[in-house]
Amino acid sequence: MKEIKCVVWDLDNTLWDGILLEDKDVTLKEDIPNIIKTLDSRGILNSISSKNDFVSATEKLKEFNLLDYFLYPEINWNNKSDSIKSIAKNLNIGLDSIMFVDDQQYERDEVSFAIPEVVCVDAMQHKQLLSNPLLNPRFITESSKSRRKLYIEDIKRKIDEEKFLGPKEDFLKSLNMELCIKPAREEDLARLEELTIRTHQLNTTGITYDYEDLKRMIYSEQFILFAAELKDNYGSYGKIGLVLIEKLKGEWRIKLFILSCRVMTRGIGTVVLNEIMKTAKLQNLRLSAEFIHTQKNRVMYIALKFANFIEDDANTTSDLTILNNDLSIINKATQFINVKMEFEWN
Amino acid sequence: MELNKRVREFIEENLLVFDDEVEFSDSDNIFELGFVNSLFAMKLVSYVENNFNISVGNADLRLDNFNSIDNIVKFINSKIS
């Protein structure tokens, strides 16, 4: 079952009773604040698609103490399907991970017709939302609880980046990014499970592993599970990636490599691969990777191919691609990320 | 020659070069320069696909088709001819 990452709300007669342009004193629906806050604490983002006047609607939301809960609100006169597309683009999440709540059949139909993947819900049903299984992630991690905060830091980064005069390179340098890759610990596992479930683009196989699977692996001699964390001047992005390695005879095999789409624009895929390649080479190990093509993960395939992973035709099947890397070419890593690889050979 | 110029323009716009002094020729391996990251790689493939109406298959996704301006141009020509 697909997980919902963002609930997009209509305003008039959905969030509040009444129509704001006709009645300044609309009243908030009683259980709405609790629903919004509970979703937020579950790591599910909230946004808005409303045909309304931007200034009066945001002022009203401020008055209700709810404005800060909504990311990239679309309050304008556009089609709601277009608004939802911009929200998804801004958050860098798939349209199939969006739920849209509106009281008007017409708006729900317009969205369903243009974007069938979006889950549309009648505002009349809002009392049932919190018990909807789509809105109940299996784990609520530190990272999910602070997800909105992480997105807000991202928005700040983006604004500063746009305002930044001078070359983009200088801005990236000024962030002082630091990437730390080290073997995962038990307290990281809920977040890593979440990454295997939530990440579709930067994911080499799409295979999900649950907490128990991952726990078995970190205590097993057969596997190494690396977790990657990214920090910069604005704060930590949290654990944003994982590399699962199976130790074969004289060989490391990358069973799974995932990076959160939140860090996509930082281009760190190559950086992580480089570190794994260098570490394997240092120990005179061969390196290979498993890959399963999905609808969405081509960007990861390209990252592997351009890091000189080459298809092993003899061992590749229609379901599973095996790629080998002879480690003859390890390109220099980008210079604006300071990388720390912590790994001890035993 | 025209094609080389177009490809160079795209690369210069999208490659993150931290040293103003750095210049590279059409035959230089841009991957070895250390400025290529996974995001650029994706952009480069999309650029070739969208601007020259080429579909880049899995077998085409090889470092030696994309690692220099000359090789990219050679690849594009092999696909459009």
# chains A, B, ... in the order shown; residues from 1 in each chain; ligands from 1

$ residues_around --residues "Leu273 of chain A" --least-positions-apart "5" --cutoff "12 Å" --atoms "only C-alpha atoms" --output "VMD selection string"
(chain A and resid 181 226 228 241 to 244 254 256 to 259 267 to 268 278 to 280 287 to 289 300 303 to 309 325 327 330 to 334 339 341) or (chain B and resid 37 to 38)

$ interface_residues --of "chain B" --to "chain A" --cutoff "12 Å" --atoms "only C-alpha atoms" --output "PyMOL selection string"
chain B and resi 13-20+29-46+56-67

$ write_last_selection --atoms "C-alpha atoms" --output "mmCIF file, in the first residue's frame"
data_model
loop_
_atom_site.group_PDB
_atom_site.id
_atom_site.type_symbol
_atom_site.label_atom_id
_atom_site.label_comp_id
_atom_site.auth_asym_id
_atom_site.auth_seq_id
_atom_site.Cartn_x
_atom_site.Cartn_y
_atom_site.Cartn_z
ATOM 1 C CA GLU B 13 26.364 25.871 -17.900
ATOM 2 C CA ASN B 14 25.681 22.799 -15.810
ATOM 3 C CA LEU B 15 29.014 21.557 -14.614
ATOM 4 C CA LEU B 16 30.035 22.863 -11.237
ATOM 5 C CA VAL B 17 33.519 24.154 -11.732
ATOM 6 C CA PHE B 18 35.116 25.579 -8.644
ATOM 7 C CA ASP B 19 38.173 26.983 -10.228
ATOM 8 C CA ASP B 20 37.733 29.772 -12.748
ATOM 9 C CA ASN B 29 37.617 13.561 -19.823
ATOM 10 C CA ILE B 30 35.216 15.706 -17.823
ATOM 11 C CA PHE B 31 34.613 12.911 -15.347
ATOM 12 C CA GLU B 32 38.282 12.842 -14.416
ATOM 13 C CA LEU B 33 38.240 16.533 -13.626
ATOM 14 C CA GLY B 34 36.185 15.768 -10.531
ATOM 15 C CA PHE B 35 33.320 18.114 -11.277
ATOM 16 C CA VAL B 36 30.741 15.544 -12.231
ATOM 17 C CA ASN B 37 28.108 14.466 -9.769
ATOM 18 C CA SER B 38 25.044 12.252 -10.026
ATOM 19 C CA LEU B 39 22.731 15.179 -10.661
ATOM 20 C CA PHE B 40 24.825 16.425 -13.571
ATOM 21 C CA ALA B 41 24.907 12.904 -14.999
ATOM 22 C CA MET B 42 21.126 12.749 -15.058
ATOM 23 C CA LYS B 43 20.885 16.229 -16.594
ATOM 24 C CA LEU B 44 23.405 15.322 -19.275
ATOM 25 C CA VAL B 45 21.458 12.228 -20.328
ATOM 26 C CA SER B 46 18.152 14.159 -20.377
ATOM 27 C CA VAL B 56 19.386 6.513 -24.686
ATOM 28 C CA GLY B 57 19.089 2.814 -23.918
ATOM 29 C CA ASN B 58 20.707 0.943 -21.055
ATOM 30 C CA ALA B 59 23.487 -0.303 -23.319
ATOM 31 C CA ASP B 60 24.224 3.275 -24.427
ATOM 32 C CA LEU B 61 24.683 4.450 -20.848
ATOM 33 C CA ARG B 62 28.408 3.968 -20.770
ATOM 34 C CA LEU B 63 31.008 6.267 -19.387
ATOM 35 C CA ASP B 64 32.888 6.328 -22.693
ATOM 36 C CA ASN B 65 29.836 7.676 -24.528
ATOM 37 C CA PHE B 66 29.570 10.620 -22.173
ATOM 38 C CA ASN B 67 32.974 11.413 -20.714
#

$ select_by_dssp --residues "segment 107-301 of chain A" --states "strand (DSSP E)" --output "number ranges by chain"
A: 119-122, 177-183, 223-232, 235-248, 251-259, 286-291

$ write_last_selection --atoms "C-alpha atoms" --output "CSV table (one decimal), in the first residue's frame"
chain,number,residue,atom,x,y,z
A,119,VAL,CA,-6.3,10.1,-3.4
A,120,CYS,CA,-9.3,12.4,-3.2
A,121,VAL,CA,-11.4,12.6,0.0
A,122,ASP,CA,-14.7,14.3,0.6
A,177,MET,CA,28.3,20.4,3.7
A,178,GLU,CA,29.6,17.5,5.6
A,179,LEU,CA,28.6,13.9,4.7
A,180,CYS,CA,29.3,11.2,7.3
A,181,ILE,CA,29.1,7.6,6.3
A,182,LYS,CA,29.3,5.0,9.0
A,183,PRO,CA,27.9,1.6,10.0
A,223,PHE,CA,26.4,-7.8,5.9
A,224,ILE,CA,27.5,-4.2,6.4
A,225,LEU,CA,24.8,-1.6,6.6
A,226,PHE,CA,26.1,2.0,6.2
A,227,ALA,CA,24.0,5.0,7.1
A,228,ALA,CA,24.8,8.4,5.6
A,229,GLU,CA,24.0,11.7,7.3
A,230,LEU,CA,24.3,15.1,5.7
A,231,LYS,CA,24.8,18.4,7.6
A,232,ASP,CA,25.4,21.9,6.6
A,235,GLY,CA,21.3,22.1,10.3
A,236,SER,CA,21.3,18.4,9.8
A,237,TYR,CA,19.3,16.8,7.0
A,238,GLY,CA,19.3,13.7,9.3
A,239,LYS,CA,20.0,10.2,7.9
A,240,ILE,CA,19.6,10.7,4.2
A,241,GLY,CA,20.9,7.5,2.8
A,242,LEU,CA,22.0,3.9,3.2
A,243,VAL,CA,24.2,1.4,1.6
A,244,LEU,CA,23.7,-2.3,2.3
A,245,ILE,CA,26.6,-4.5,1.5
A,246,GLU,CA,26.8,-8.2,1.3
A,247,LYS,CA,30.2,-9.6,2.0
A,248,LEU,CA,30.9,-12.3,-0.6
A,251,GLU,CA,33.9,-9.2,-3.0
A,252,TRP,CA,31.6,-6.5,-1.7
A,253,ARG,CA,28.1,-6.6,-3.3
A,254,ILE,CA,25.9,-3.5,-3.0
A,255,LYS,CA,22.5,-5.1,-2.3
A,256,LEU,CA,20.8,-1.8,-1.9
A,257,PHE,CA,21.8,1.9,-2.2
A,258,ILE,CA,19.3,4.6,-1.3
A,259,LEU,CA,19.4,8.3,-1.0
A,286,ARG,CA,36.0,-6.7,-6.0
A,287,LEU,CA,32.9,-4.6,-6.1
A,288,SER,CA,29.5,-5.4,-7.6
A,289,ALA,CA,26.0,-4.0,-7.3
A,290,GLU,CA,22.5,-5.4,-7.7
A,291,PHE,CA,19.9,-3.3,-9.6

$ atom_distance --atom1 "atom CA of Glu74 of chain A" --atom2 "atom CA of Pro116 of chain A"
19.6 Å

$ atom_distance --atom1 "atom CA of Glu107 of chain A" --atom2 "atom CA of Ala88 of chain A"
17.6 Å

$ residues_around --residues "segment 50-67 of chain A" --least-positions-apart "5" --cutoff "7 Å" --atoms "only C-alpha atoms" --output "VMD selection string"
chain A and resid 10 to 11 74 to 77

$ atom_distance --atom1 "atom CA of Glu117 of chain A" --atom2 "atom CA of Asp210 of chain A"
25.5 Å

$ residues_around --residues "Ile80 of chain B" --least-positions-apart "3" --cutoff "9 Å" --atoms "only C-alpha atoms" --output "PyMOL selection string"
chain B and resi 52-54+75-77

$ closest_residue --among "A:Glu194, A:Ala184, A:Gln283, A:Tyr234" --to "Met217 of chain A" --atoms "only C-alpha atoms"
A:Ala184
